[in-house]
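Engineer: Below is one structure. I have some questions about it.
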Number of protein chains: 4
Amino acid sequence: MRAFRLNGAAEPLKLVTETDPQPGKGEVLVDLKAATLNYRDLIVKEGRYGGDQRDDLIPLSDGAGIISAVGQGVSADRVGERVAIGFMPKWTEGPFTAAKQADALGGGYVDGVLAEKIVVPATGVVTLPDDWSFSEGAAYPCAGVTAWNCLFGGRGVRPGETVLVEGTGGVSTFALQFAKSVGARVIATSSSPEKAARVRELGAEEVIDYVKTPDWGSRAAEIAGGEGVDHVVEVGGSGTINQALEAVRPGGEVALVGVLTGFGGEVNTGAILMKAIYVRGVYVGSVADLSEAIRSGIRPIIDKVFSFEQADAAFERLKSGAHRGKVGIEIGQ
Amino acid sequence: MRAFRLNGAAEPLKLVTETDPQPGKGEVLVDLKAATLNYRDLIVKEGRYGGDQRDDLIPLSDGAGIISAVGQGVSADRVGERVAIGFMPKWTEGPFTAAKQADALGGGYVDGVLAEKIVVPATGVVTLPDDWSFSEGAAYPCAGVTAWNCLFGGRGVRPGETVLVEGTGGVSTFALQFAKSVGARVIATSSSPEKAARVRELGAEEVIDYVKTPDWGSRAAEIAGGEGVDHVVEVGGSGTINQALEAVRPGGEVALVGVLTGFGGEVNTGAILMKAIYVRGVYVGSVADLSEAIRSGIRPIIDKVFSFEQADAAFERLKSGAHRGKVGIEIGQ
Amino acid sequence: MRAFRLNGAAEPLKLVTETDPQPGKGEVLVDLKAATLNYRDLIVKEGRYGGDQRDDLIPLSDGAGIISAVGQGVSADRVGERVAIGFMPKWTEGPFTAAKQADALGGGYVDGVLAEKIVVPATGVVTLPDDWSFSEGAAYPCAGVTAWNCLFGGRGVRPGETVLVEGTGGVSTFALQFAKSVGARVIATSSSPEKAARVRELGAEEVIDYVKTPDWGSRAAEIAGGEGVDHVVEVGGSGTINQALEAVRPGGEVALVGVLTGFGGEVNTGAILMKAIYVRGVYVGSVADLSEAIRSGIRPIIDKVFSFEQADAAFERLKSGAHRGKVGIEIGQ
Amino acid sequence: MRAFRLNGAAEPLKLVTETDPQPGKGEVLVDLKAATLNYRDLIVKEGRYGGDQRDDLIPLSDGAGIISAVGQGVSADRVGERVAIGFMPKWTEGPFTAAKQADALGGGYVDGVLAEKIVVPATGVVTLPDDWSFSEGAAYPCAGVTAWNCLFGGRGVRPGETVLVEGTGGVSTFALQFAKSVGARVIATSSSPEKAARVRELGAEEVIDYVKTPDWGSRAAEIAGGEGVDHVVEVGGSGTINQALEAVRPGGEVALVGVLTGFGGEVNTGAILMKAIYVRGVYVGSVADLSEAIRSGIRPIIDKVFSFEQADAAFERLKSGAHRGKVGIEIGQ
């Protein structure tokens, strides 16, 4: 099979040809048809993901394809099944543990999906709806599941509640879609008039320009009315969390999912206490969450899909920040 | 009635004699018999509680006494009832809101319980068990309810889980007792051998000296075994929260209740995300929580009880840090 | 004011003229503008509601109107506010208790809303959206809140789940609307082709004729796919619950809300156990639930609205079973 | 290995010698050291468990032993580990499904633990505390986990709440112990003075003689005070559930776990609705539940332990109803 491997932060990915992997007991071989990129993939490529990362990893966590072979104990009927692959294929269900996290694809020591084939546990994949493209399926494993977990993994957003999403990245766009799909109001932030227009098209009732309105948290609370926003999908991390804490109502929920602005920083812990806020760390989710999210039937927003050979261009697209929705790569099609 | 009022940060409290308050519709008059102190009371006395605080407030939030008169619509049978008073007497039940918080006793503009009488809503008090002293009842409204909410307001501690409590203050002592009462293991921190001995007597399996072991969070995780501690009762605030995040297992819960070390500071938001931690701000609780906590039957640890006239000495005792359990004041006995 | 009072099961309601009620402390006077009927009202009128019922009650629980006067302690600004009235106006929030249930309007000893004016606690009403009619507001207190509680009071229906609703009465119609509003699939039952067509218009994906298909529970499970239906809104009671237990997937939820077919009967308790089903009794809900339900913005389906003078005809309409959605009565308009 | 197989309802079990099973990939071989009996085992032996049951099954679901060999992919370090085996070894964690139920040991087509060896998935066993006997470990998988799930799988019993348990069988005895371990009050039922004395020893505050007091449900509500009992562990099934519904407070929980008195019957569905009761079917639980339950450290009550050769006598003991706590069988010791 062909695959791309990391080749240093500044170098293009390296195209390699390798022996096809073989499914063992309880495993399936998936012929990958599409992958999508997440911000995490940029960090991995740039060697900023953490100390234990392999230099020559096959990158990307999010893929979809067709089961082409099965190992012992897996029904041969599954050959031909169109599937998306879980971000952590061994986290089948149940609560998060460090052990389950260990095998997240495309990071650390675990090869990812920027390849023509991959072997994963049979319990690590989710059947795609017939009318979905592989790119749509490949959009879900990290960003879609993360957004799902943000909105439904804690206290569950309800019709008529207000949700604040930040920016127009993959998780935020999914969160916007999921929130609208259950009749919630959405406030988004963006400094780009064009992106603002786009999120309005997707249903956001209000968009705040965070450059012109540096205290956008208070502004969001004001727009929400009552005592503030019910749920915040906090993708910025330490640089934005204090605005999130400002925006959210007493007793509300902040799903902390991102590190765009850094892994640590000054946080208004007094606000967490005095407003009795739930700050809930969200690290993607299980295969069961992926199944639930896809069952919603919400079609993801795909930005631009590159050919396999143009994989580096896909990374550039994501890095540029010009994308809206998920950046994809077609594989073997 | 006699009462003490604030008289400036550096001055002793001022003893005043005032007209007795009268219960209106739906209210009761409580003849106070005991009060206890919390760290919050020191902040209030020292004028550091926030911008809107009255200079001449009757301090203290936590009191117990006897209903001596009732207003319209309240059964006269309630006269003679021995009660503890809710920290926020209008927060009867249900989720936390800013509106419910507004009337917290002994802070801001709302007179507290360092007086011989107080009028509160009939729904703002909880009947005491017959064999409890008034000091025991007065120990619960802030510290007891806060600790209860930390352990049972979120995902509920269970037999065999491990709980980390910090220091030996009021909330931590209650949390230790509640955790032991449901068969959890308790790890405590203290730098004083004498206090360490005391928390061991109360049932703590392990005590870590946080001075000798500055990375006490990791040490707690190690002692807990598995992937770390299940619940942390985080009373320190921004100065200790990163150790709490180190101690807690992936998917575990940190109840953020204290500001002993400051209202804001550097927080490892990356850990919250990567370990999918629940950081739950706890701001005391409702009258229903007080009722539930007292129903547990757990007798609070009383440090030393001062006479009404010695109210200033009680503040000194708390400030000294030498206390173990709740510092109390007898009133009108 | 004018009001209708019960006058025996077989007799028309009796129109009376009485002194206007006056709001006391914490109360508001509402000039009623609309009421709607529930199946419960038929039981009450026919004297089958239970032993403690007054013969001369003002019937109906569900009303909306305008605040025309306020008692002591209520802001005069509230005069003019358009409101719906809680089914149990003293159940403000929090868990259900017998004490809170005691004041359900229009049943037992408590006069209801088939009158020009009513006094209720200021905390017992919910502001209506500006563009809603009073009939729409009056549709919510019993049927709307019950359906809301069925779908969101337990484990919360999610996008992509399947909900089974029985028939086309008030609760079932609301449940259908709420379920569709969050992207769930809905299976309905009806023996009338015309009603079946109607629920399809409202979004039901499938309708089962329960006369032609007596084992409609199994059929619903089959349509749902997987292991069965996720949520059942069980309005029939003992005569239908075994079909509901057949329909629901292992681990699924049956919200038991109705007694249309009787208060007791043969129940397959073995199925509850072996399928680990949650059977959750739902008895309307709190004023907080009413507020949340109305905040959803879902406009209720109104069947036919009668004039105040035609109140008896409204009862007949409901009794006929020909209605779809809520039967209403205009008051003082 | 030696094993016992069913031999018809009226016949003694048949002792057979068979080839030792071998662990496959991801599996372990357990040398069984102890088993315990449940009421279910009587039903199985008597051929009343359901249509699909094998005539020559190895009975019993609950066993403990030592890992003596491991299959591929399982660390050899696990050899020598003392373990209890999950009732449904493939239900690792997460919500109940029919698929997970399919492999419950010792029923239907799945051989159980009344044998010297068994092969199960490595994820289907739980390590025993060092100081527990194998009989203690073998007491947990069905009855212990069921009782745990009753008390902690729903809303979680808390200190000061009241729990009603019925009789003195395995589940009820565990439930009594668990409830006491978290500081709840326990009301038990029994018609035997001797058994009543025994449950008092174990901590039950009150025992009701259900023969002398046929309306024991109302009596339990009265003893509980307030509005009734918070939790009922309902082991009787259709013959006792109406008393359970009488006992429980509005908004309280009935964990429906038993079928001692039949699989179906007349149920007061009106009470479920009007009291807004949660009736929660409990069908044992997952391996994760077993792990949590054992982590509690609560030592089970063992009635009498028979030798392997006396297996039939163990069934007789259970059938006699004279046992208190779990009836056990030693294997290969």
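Residues in the structure tokens are numbered from 1 in each chain, the chains being A, B, ... in the order shown, and ligands are numbered from 1 in the order shown.
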With 7 Å as the limit and counting only C-alpha atoms, what residues in chain A lie close to chain C? Please list them as a list in words.
Structural biologist: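 Contact residues on the first chain: Pro159, Gly160, Ser181, Val182, Gly183, Arg295, Ser296 and Gly297 of chain A.
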Engineer: Using only all heavy atoms, please write the residues we just selected to a file, as a CSV table (one decimal), in the first residue's frame.
Structural biologist:
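So out07.csv came out as:
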chain,number,residue,atom,x,y,z
A,159,PRO,N,-33.9,22.3,23.3
A,159,PRO,CA,-34.5,23.4,22.5
A,159,PRO,C,-34.7,24.7,23.3
A,159,PRO,O,-35.1,24.6,24.5
A,159,PRO,CB,-35.9,22.8,22.2
A,159,PRO,CG,-35.7,21.3,22.4
A,159,PRO,CD,-34.7,21.1,23.4
A,160,GLY,N,-34.3,25.8,22.7
A,160,GLY,CA,-34.5,27.1,23.4
A,160,GLY,C,-33.3,27.5,24.2
A,160,GLY,O,-33.3,28.7,24.6
A,181,SER,N,-29.7,21.9,15.2
A,181,SER,CA,-30.6,20.7,14.9
A,181,SER,C,-31.5,20.4,16.1
A,181,SER,O,-32.5,19.6,15.9
A,181,SER,CB,-29.7,19.5,14.6
A,181,SER,OG,-29.2,18.8,15.8
A,182,VAL,N,-31.2,20.8,17.3
A,182,VAL,CA,-32.1,20.6,18.4
A,182,VAL,C,-32.8,21.9,18.9
A,182,VAL,O,-33.3,22.0,20.0
A,182,VAL,CB,-31.4,20.0,19.6
A,182,VAL,CG1,-30.8,18.6,19.3
A,182,VAL,CG2,-30.2,20.9,20.2
A,183,GLY,N,-32.8,22.9,18.0
A,183,GLY,CA,-33.6,24.1,18.3
A,183,GLY,C,-33.0,25.0,19.3
A,183,GLY,O,-33.7,25.8,19.9
A,295,ARG,N,-25.5,8.8,13.7
A,295,ARG,CA,-27.0,8.5,13.7
A,295,ARG,C,-27.8,9.7,13.6
A,295,ARG,O,-29.0,9.7,13.3
A,295,ARG,CB,-27.3,7.6,14.9
A,295,ARG,CG,-28.7,7.1,14.9
A,295,ARG,CD,-29.0,6.3,16.1
A,295,ARG,NE,-28.8,7.0,17.4
A,295,ARG,CZ,-29.3,6.6,18.6
A,295,ARG,NH1,-29.9,5.4,18.7
A,295,ARG,NH2,-29.1,7.3,19.6
A,296,SER,N,-27.3,10.9,14.1
A,296,SER,CA,-28.0,12.1,14.0
A,296,SER,C,-28.4,12.5,12.6
A,296,SER,O,-29.4,13.2,12.4
A,296,SER,CB,-27.2,13.3,14.6
A,296,SER,OG,-26.1,13.6,13.7
A,297,GLY,N,-27.6,12.0,11.7
A,297,GLY,CA,-28.0,12.3,10.3
A,297,GLY,C,-27.5,13.7,9.8
A,297,GLY,O,-27.7,14.1,8.7
Engineer: What's the 6 Å shell around range 280-286 of chain A, counting only C-alpha atoms, without same-chain residues fewer than 3 positions away, as a compact mmCIF listing (two decimals) with all heavy atoms, in the first residue's frame?
Structural biologist:
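That gives us selection.txt:
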# COMPACT_ATOMS: atom_id res chain seq x y z
N TRP A 91 -11.37 2.55 22.32
CA TRP A 91 -12.32 3.13 23.27
C TRP A 91 -13.72 2.84 22.72
O TRP A 91 -14.34 3.69 22.09
CB TRP A 91 -12.09 4.61 23.44
CG TRP A 91 -13.02 5.26 24.45
CD1 TRP A 91 -13.93 4.65 25.26
CD2 TRP A 91 -13.13 6.66 24.75
NE1 TRP A 91 -14.59 5.56 26.04
CE2 TRP A 91 -14.12 6.81 25.76
CE3 TRP A 91 -12.48 7.79 24.28
CZ2 TRP A 91 -14.48 8.06 26.28
CZ3 TRP A 91 -12.85 9.03 24.80
CH2 TRP A 91 -13.83 9.16 25.79
N THR A 92 -14.18 1.65 22.98
CA THR A 92 -15.48 1.23 22.43
C THR A 92 -16.61 2.04 23.03
O THR A 92 -17.47 2.56 22.33
CB THR A 92 -15.71 -0.27 22.71
OG1 THR A 92 -14.54 -0.98 22.33
CG2 THR A 92 -16.90 -0.79 21.94
N GLU A 93 -16.61 2.12 24.35
CA GLU A 93 -17.70 2.81 25.04
C GLU A 93 -17.28 3.02 26.48
O GLU A 93 -16.18 2.67 26.88
CB GLU A 93 -18.98 1.98 24.99
CG GLU A 93 -18.88 0.65 25.71
CD GLU A 93 -20.20 -0.13 25.71
OE1 GLU A 93 -21.26 0.48 25.61
OE2 GLU A 93 -20.13 -1.36 25.82
N CYS A 142 -12.97 12.87 14.79
CA CYS A 142 -12.42 13.76 15.83
C CYS A 142 -13.33 14.96 16.05
O CYS A 142 -13.90 15.12 17.11
CB CYS A 142 -11.01 14.19 15.45
SG CYS A 142 -10.27 15.31 16.68
N VAL A 145 -17.23 14.07 16.70
CA VAL A 145 -17.45 13.43 17.99
C VAL A 145 -17.16 14.40 19.13
O VAL A 145 -17.87 14.43 20.14
CB VAL A 145 -16.58 12.15 18.10
CG1 VAL A 145 -16.61 11.58 19.52
CG2 VAL A 145 -17.08 11.11 17.09
N THR A 146 -16.11 15.20 18.98
CA THR A 146 -15.80 16.19 20.00
C THR A 146 -16.98 17.15 20.19
O THR A 146 -17.41 17.42 21.32
CB THR A 146 -14.54 16.99 19.61
OG1 THR A 146 -13.45 16.08 19.50
CG2 THR A 146 -14.22 18.06 20.63
N ALA A 255 -17.66 23.54 27.90
CA ALA A 255 -16.95 22.34 27.44
C ALA A 255 -15.60 22.81 26.92
O ALA A 255 -15.52 23.55 25.94
CB ALA A 255 -17.75 21.64 26.35
N LEU A 256 -14.55 22.38 27.62
CA LEU A 256 -13.20 22.83 27.32
C LEU A 256 -12.56 21.83 26.39
O LEU A 256 -12.22 20.72 26.79
CB LEU A 256 -12.40 22.94 28.62
CG LEU A 256 -10.98 23.48 28.53
CD1 LEU A 256 -10.96 24.88 27.95
CD2 LEU A 256 -10.35 23.49 29.91
N VAL A 257 -12.40 22.22 25.14
CA VAL A 257 -12.02 21.25 24.15
C VAL A 257 -10.76 21.65 23.41
O VAL A 257 -10.12 20.83 22.78
CB VAL A 257 -13.20 21.05 23.16
CG1 VAL A 257 -13.56 22.36 22.51
CG2 VAL A 257 -12.89 20.03 22.12
N ASP A 289 -19.91 7.00 20.89
CA ASP A 289 -20.25 8.41 20.63
C ASP A 289 -20.25 8.69 19.12
O ASP A 289 -21.11 9.41 18.61
CB ASP A 289 -19.23 9.35 21.30
CG ASP A 289 -19.29 9.30 22.81
OD1 ASP A 289 -20.38 9.06 23.36
OD2 ASP A 289 -18.24 9.50 23.45
N ILE B 272 -6.97 19.62 31.90
CA ILE B 272 -8.44 19.47 32.00
C ILE B 272 -8.95 18.78 30.75
O ILE B 272 -9.76 17.85 30.81
CB ILE B 272 -9.12 20.86 32.17
CG1 ILE B 272 -8.67 21.50 33.49
CG2 ILE B 272 -10.64 20.72 32.12
CD1 ILE B 272 -9.20 22.91 33.71
N LEU B 273 -8.46 19.22 29.61
CA LEU B 273 -8.88 18.66 28.32
C LEU B 273 -8.36 17.23 28.13
O LEU B 273 -9.13 16.31 27.88
CB LEU B 273 -8.33 19.58 27.24
CG LEU B 273 -8.67 19.36 25.79
CD1 LEU B 273 -8.21 20.57 25.00
CD2 LEU B 273 -8.08 18.11 25.19
N MET B 274 -7.04 17.07 28.23
CA MET B 274 -6.45 15.78 27.89
C MET B 274 -6.87 14.67 28.85
O MET B 274 -6.85 13.49 28.50
CB MET B 274 -4.92 15.87 27.86
CG MET B 274 -4.37 16.83 26.82
SD MET B 274 -4.76 16.37 25.08
CE MET B 274 -3.69 14.93 24.88
N ALA B 276 -9.87 14.87 30.35
CA ALA B 276 -11.35 14.93 30.35
C ALA B 276 -11.89 15.05 31.77
O ALA B 276 -12.77 14.30 32.21
CB ALA B 276 -11.93 13.71 29.63
N ILE B 277 -11.34 16.03 32.49
CA ILE B 277 -11.70 16.24 33.89
C ILE B 277 -12.94 17.12 34.01
O ILE B 277 -13.15 18.02 33.21
CB ILE B 277 -10.50 16.90 34.63
CG1 ILE B 277 -9.29 15.97 34.62
CG2 ILE B 277 -10.88 17.33 36.05
CD1 ILE B 277 -7.99 16.63 35.02
N TYR B 278 -13.77 16.85 35.01
CA TYR B 278 -14.88 17.73 35.37
C TYR B 278 -14.40 18.68 36.46
O TYR B 278 -14.11 18.24 37.57
CB TYR B 278 -16.04 16.96 35.97
CG TYR B 278 -16.86 16.15 35.01
CD1 TYR B 278 -16.31 15.03 34.38
CD2 TYR B 278 -18.18 16.47 34.75
CE1 TYR B 278 -17.07 14.28 33.50
CE2 TYR B 278 -18.93 15.71 33.87
CZ TYR B 278 -18.38 14.61 33.25
OH TYR B 278 -19.12 13.86 32.38
Engineer: Record the distance separating CA of Asn38 in chain D and CA of Val248 in chain D, expressed in Å with one decimal.
Structural biologist: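 These two atoms are separated by 26.4 Å.
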Engineer: Near range 127-134 of chain C, counting only C-alpha atoms, which residues have an atom at most 7 Å away, once you skip same-chain residues fewer than 5 positions from it, shown as a PyMOL selection string?
Structural biologist: chain C and resi 33-34+64-65+81-84
Engineer: For the residues selected in the previous step, produce a file with N, CA and C atoms as a CSV table (one decimal), in the first residue's frame.
Structural biologist:
chain,number,residue,atom,x,y,z
C,33,LYS,N,-57.6,34.8,29.6
C,33,LYS,CA,-58.0,35.1,28.2
C,33,LYS,C,-58.2,33.8,27.4
C,34,ALA,N,-57.6,32.7,27.9
C,34,ALA,CA,-57.9,31.5,27.2
C,34,ALA,C,-57.6,30.3,28.2
C,64,ALA,N,-54.2,30.9,30.3
C,64,ALA,CA,-53.3,32.0,30.1
C,64,ALA,C,-54.1,33.3,30.1
C,65,GLY,N,-53.3,34.4,30.4
C,65,GLY,CA,-54.0,35.7,30.5
C,65,GLY,C,-53.0,36.8,30.7
C,81,GLU,N,-48.3,42.0,32.0
C,81,GLU,CA,-47.5,40.8,31.5
C,81,GLU,C,-48.4,39.7,31.0
C,82,ARG,N,-48.1,39.2,29.8
C,82,ARG,CA,-48.9,38.1,29.3
C,82,ARG,C,-48.3,36.8,29.8
C,83,VAL,N,-49.1,35.9,30.4
C,83,VAL,CA,-48.5,34.8,31.1
C,83,VAL,C,-49.4,33.5,30.9
C,84,ALA,N,-48.7,32.3,31.0
C,84,ALA,CA,-49.3,31.1,31.1
C,84,ALA,C,-49.2,30.7,32.6
Engineer: Excluding Glu227 in chain D and residues on its chain fewer than 3 positions from it, collect all residues at most 9 Å away from it, counting only C-alpha atoms, and give them as a PDB file with C-alpha atoms, in the first residue's frame.
Structural biologist:
ATOM      1  CA  THR C  97     -43.437  15.809  46.150  1.00  0.00           C
ATOM      2  CA  ALA C  98     -46.923  15.134  47.395  1.00  0.00           C
ATOM      3  CA  ALA C  99     -46.951  18.585  49.002  1.00  0.00           C
TER       4      ALA C  99
ATOM      5  CA  ALA D 221     -43.789   4.436  54.283  1.00  0.00           C
ATOM      6  CA  GLU D 222     -44.988   5.287  57.776  1.00  0.00           C
ATOM      7  CA  ALA D 224     -39.692   6.007  56.820  1.00  0.00           C
ATOM      8  CA  ASP D 230     -36.510   6.668  49.005  1.00  0.00           C
ATOM      9  CA  VAL D 248     -41.962   4.528  48.034  1.00  0.00           C
ATOM     10  CA  ARG D 249     -42.204   8.299  48.299  1.00  0.00           C
ATOM     11  CA  PRO D 250     -43.372  10.429  45.377  1.00  0.00           C
TER      12      PRO D 250
END
Engineer: Please, which residues of range 97-328 of chain B, numbered as in this document, come out helix (DSSP H, G or I) from DSSP, as a count of residues only?
Structural biologist: 93
Engineer: Skip range 209-219 of chain D itself and residues of its chain fewer than 3 positions away, then list as a ChimeraX atom specification all residues within 12 Å of it, counting only C-alpha atoms.
Structural biologist: /D:164-167,187-197,206,222-225,227-229,232,234,239-249
Engineer: By how many Å are CA of Gly24 in chain D and CA of Val70 in chain D apart?
Structural biologist: 7.8 Å
Engineer: Using only C-alpha atoms, which residues sit within 10 Å of Glu330 in chain D once same-chain residues fewer than 3 positions away are excluded, as a ChimeraX atom specification?
Structural biologist: /D:32-36,63-64,114,134-135,138,305-311,333
Engineer: Quick one: distance from CA of Asp303 in chain A to CA of Phe4 in chain A in Å, one decimal?
Structural biologist: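 A separation of 21.7 Å between them.
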Engineer: Could you find all residues in range 39-179 of chain A that DSSP calls strand (DSSP E or B) from the backbone, and write them as a ChimeraX atom specification?
Structural biologist: /A:62-70,82-85,107,110,115,117-121,125-127,162-166
Engineer: Could you write out the selected residues, including N, CA, C and O atoms, as a short mmCIF file (atom, residue, chain, number, x, y, z; two decimals), in the first residue's frame?
Structural biologist:
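Writing done, so here's part_5.cif:
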data_model
loop_
_atom_site.label_atom_id
_atom_site.label_comp_id
_atom_site.auth_asym_id
_atom_site.auth_seq_id
_atom_site.Cartn_x
_atom_site.Cartn_y
_atom_site.Cartn_z
N ASP A 62 -8.51 10.86 11.21
CA ASP A 62 -9.91 10.74 10.80
C ASP A 62 -10.05 10.16 9.40
O ASP A 62 -9.76 10.82 8.40
N GLY A 63 -10.55 8.93 9.33
CA GLY A 63 -10.67 8.30 8.04
C GLY A 63 -11.94 7.49 7.89
O GLY A 63 -12.59 7.12 8.86
N ALA A 64 -12.26 7.23 6.61
CA ALA A 64 -13.40 6.37 6.28
C ALA A 64 -13.03 5.54 5.07
O ALA A 64 -12.16 5.92 4.28
N GLY A 65 -13.68 4.40 4.95
CA GLY A 65 -13.36 3.53 3.82
C GLY A 65 -14.27 2.33 3.78
O GLY A 65 -15.39 2.36 4.28
N ILE A 66 -13.75 1.26 3.18
CA ILE A 66 -14.55 0.04 2.98
C ILE A 66 -13.81 -1.13 3.61
O ILE A 66 -12.60 -1.31 3.39
N ILE A 67 -14.52 -1.94 4.36
CA ILE A 67 -13.90 -3.14 4.93
C ILE A 67 -13.59 -4.10 3.78
O ILE A 67 -14.48 -4.47 3.01
N SER A 68 -12.30 -4.47 3.66
CA SER A 68 -11.91 -5.33 2.54
C SER A 68 -11.49 -6.73 2.98
O SER A 68 -11.36 -7.63 2.16
N ALA A 69 -11.29 -6.90 4.28
CA ALA A 69 -10.95 -8.23 4.80
C ALA A 69 -11.24 -8.24 6.29
O ALA A 69 -11.22 -7.19 6.94
N VAL A 70 -11.52 -9.44 6.81
CA VAL A 70 -11.79 -9.55 8.25
C VAL A 70 -10.90 -10.62 8.85
O VAL A 70 -10.52 -11.58 8.18
N ARG A 82 -19.26 0.05 4.37
CA ARG A 82 -18.69 1.39 4.35
C ARG A 82 -18.65 1.93 5.77
O ARG A 82 -19.69 2.00 6.43
N VAL A 83 -17.49 2.33 6.24
CA VAL A 83 -17.35 2.68 7.66
C VAL A 83 -16.52 3.94 7.89
O VAL A 83 -15.67 4.30 7.07
N ALA A 84 -16.79 4.58 9.02
CA ALA A 84 -15.87 5.58 9.58
C ALA A 84 -15.13 4.90 10.72
O ALA A 84 -15.65 3.98 11.36
N ILE A 85 -13.91 5.36 10.98
CA ILE A 85 -13.04 4.73 11.98
C ILE A 85 -12.96 5.61 13.22
O ILE A 85 -12.78 6.83 13.11
N GLY A 107 -1.07 10.00 16.19
CA GLY A 107 -0.35 10.81 17.18
C GLY A 107 0.52 9.87 17.99
O GLY A 107 0.29 8.66 18.02
N VAL A 110 1.26 5.84 17.25
CA VAL A 110 0.25 5.08 16.54
C VAL A 110 0.01 5.64 15.14
O VAL A 110 -0.41 6.80 14.98
N ALA A 115 -3.08 6.74 4.49
CA ALA A 115 -2.54 5.52 3.89
C ALA A 115 -3.68 4.85 3.15
O ALA A 115 -4.85 5.21 3.33
N LYS A 117 -4.49 1.67 3.41
CA LYS A 117 -5.11 0.61 4.22
C LYS A 117 -4.75 0.78 5.70
O LYS A 117 -3.68 1.29 6.02
N ILE A 118 -5.64 0.31 6.53
CA ILE A 118 -5.37 0.30 7.97
C ILE A 118 -6.11 -0.88 8.59
O ILE A 118 -7.19 -1.26 8.13
N VAL A 119 -5.52 -1.46 9.63
CA VAL A 119 -6.18 -2.51 10.40
C VAL A 119 -6.63 -1.93 11.73
O VAL A 119 -5.84 -1.28 12.42
N VAL A 120 -7.88 -2.14 12.06
CA VAL A 120 -8.43 -1.68 13.35
C VAL A 120 -9.35 -2.76 13.91
O VAL A 120 -9.79 -3.65 13.19
N PRO A 121 -9.67 -2.68 15.23
CA PRO A 121 -10.61 -3.66 15.78
C PRO A 121 -11.97 -3.55 15.10
O PRO A 121 -12.39 -2.44 14.74
N VAL A 125 -15.10 0.56 14.37
CA VAL A 125 -15.63 1.26 13.20
C VAL A 125 -17.15 1.38 13.29
O VAL A 125 -17.80 0.61 13.99
N VAL A 126 -17.69 2.34 12.56
CA VAL A 126 -19.13 2.63 12.58
C VAL A 126 -19.63 2.67 11.14
O VAL A 126 -19.02 3.33 10.29
N THR A 127 -20.72 1.95 10.87
CA THR A 127 -21.29 1.93 9.52
C THR A 127 -21.77 3.32 9.09
O THR A 127 -22.41 4.02 9.87
N THR A 162 -29.28 28.58 24.76
CA THR A 162 -28.33 29.34 23.94
C THR A 162 -26.94 28.75 24.06
O THR A 162 -26.48 28.44 25.15
N VAL A 163 -26.30 28.57 22.90
CA VAL A 163 -24.96 27.98 22.83
C VAL A 163 -24.01 29.00 22.21
O VAL A 163 -24.34 29.63 21.21
N LEU A 164 -22.85 29.17 22.81
CA LEU A 164 -21.81 30.03 22.26
C LEU A 164 -20.72 29.17 21.64
O LEU A 164 -20.17 28.30 22.30
N VAL A 165 -20.44 29.41 20.34
CA VAL A 165 -19.32 28.72 19.68
C VAL A 165 -18.30 29.76 19.24
O VAL A 165 -18.66 30.87 18.90
N GLU A 166 -17.05 29.35 19.25
CA GLU A 166 -15.96 30.28 18.97
C GLU A 166 -15.36 29.97 17.61
O GLU A 166 -14.87 28.87 17.37
#
Engineer: Looking at only C-alpha atoms, which of C:Pro300, C:Gly112, C:Gly321, C:Gly94 is the one that sits closest to Gly144 in chain C?
Structural biologist: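 The answer is C:Pro300, which sits nearest to Gly144 in chain C.
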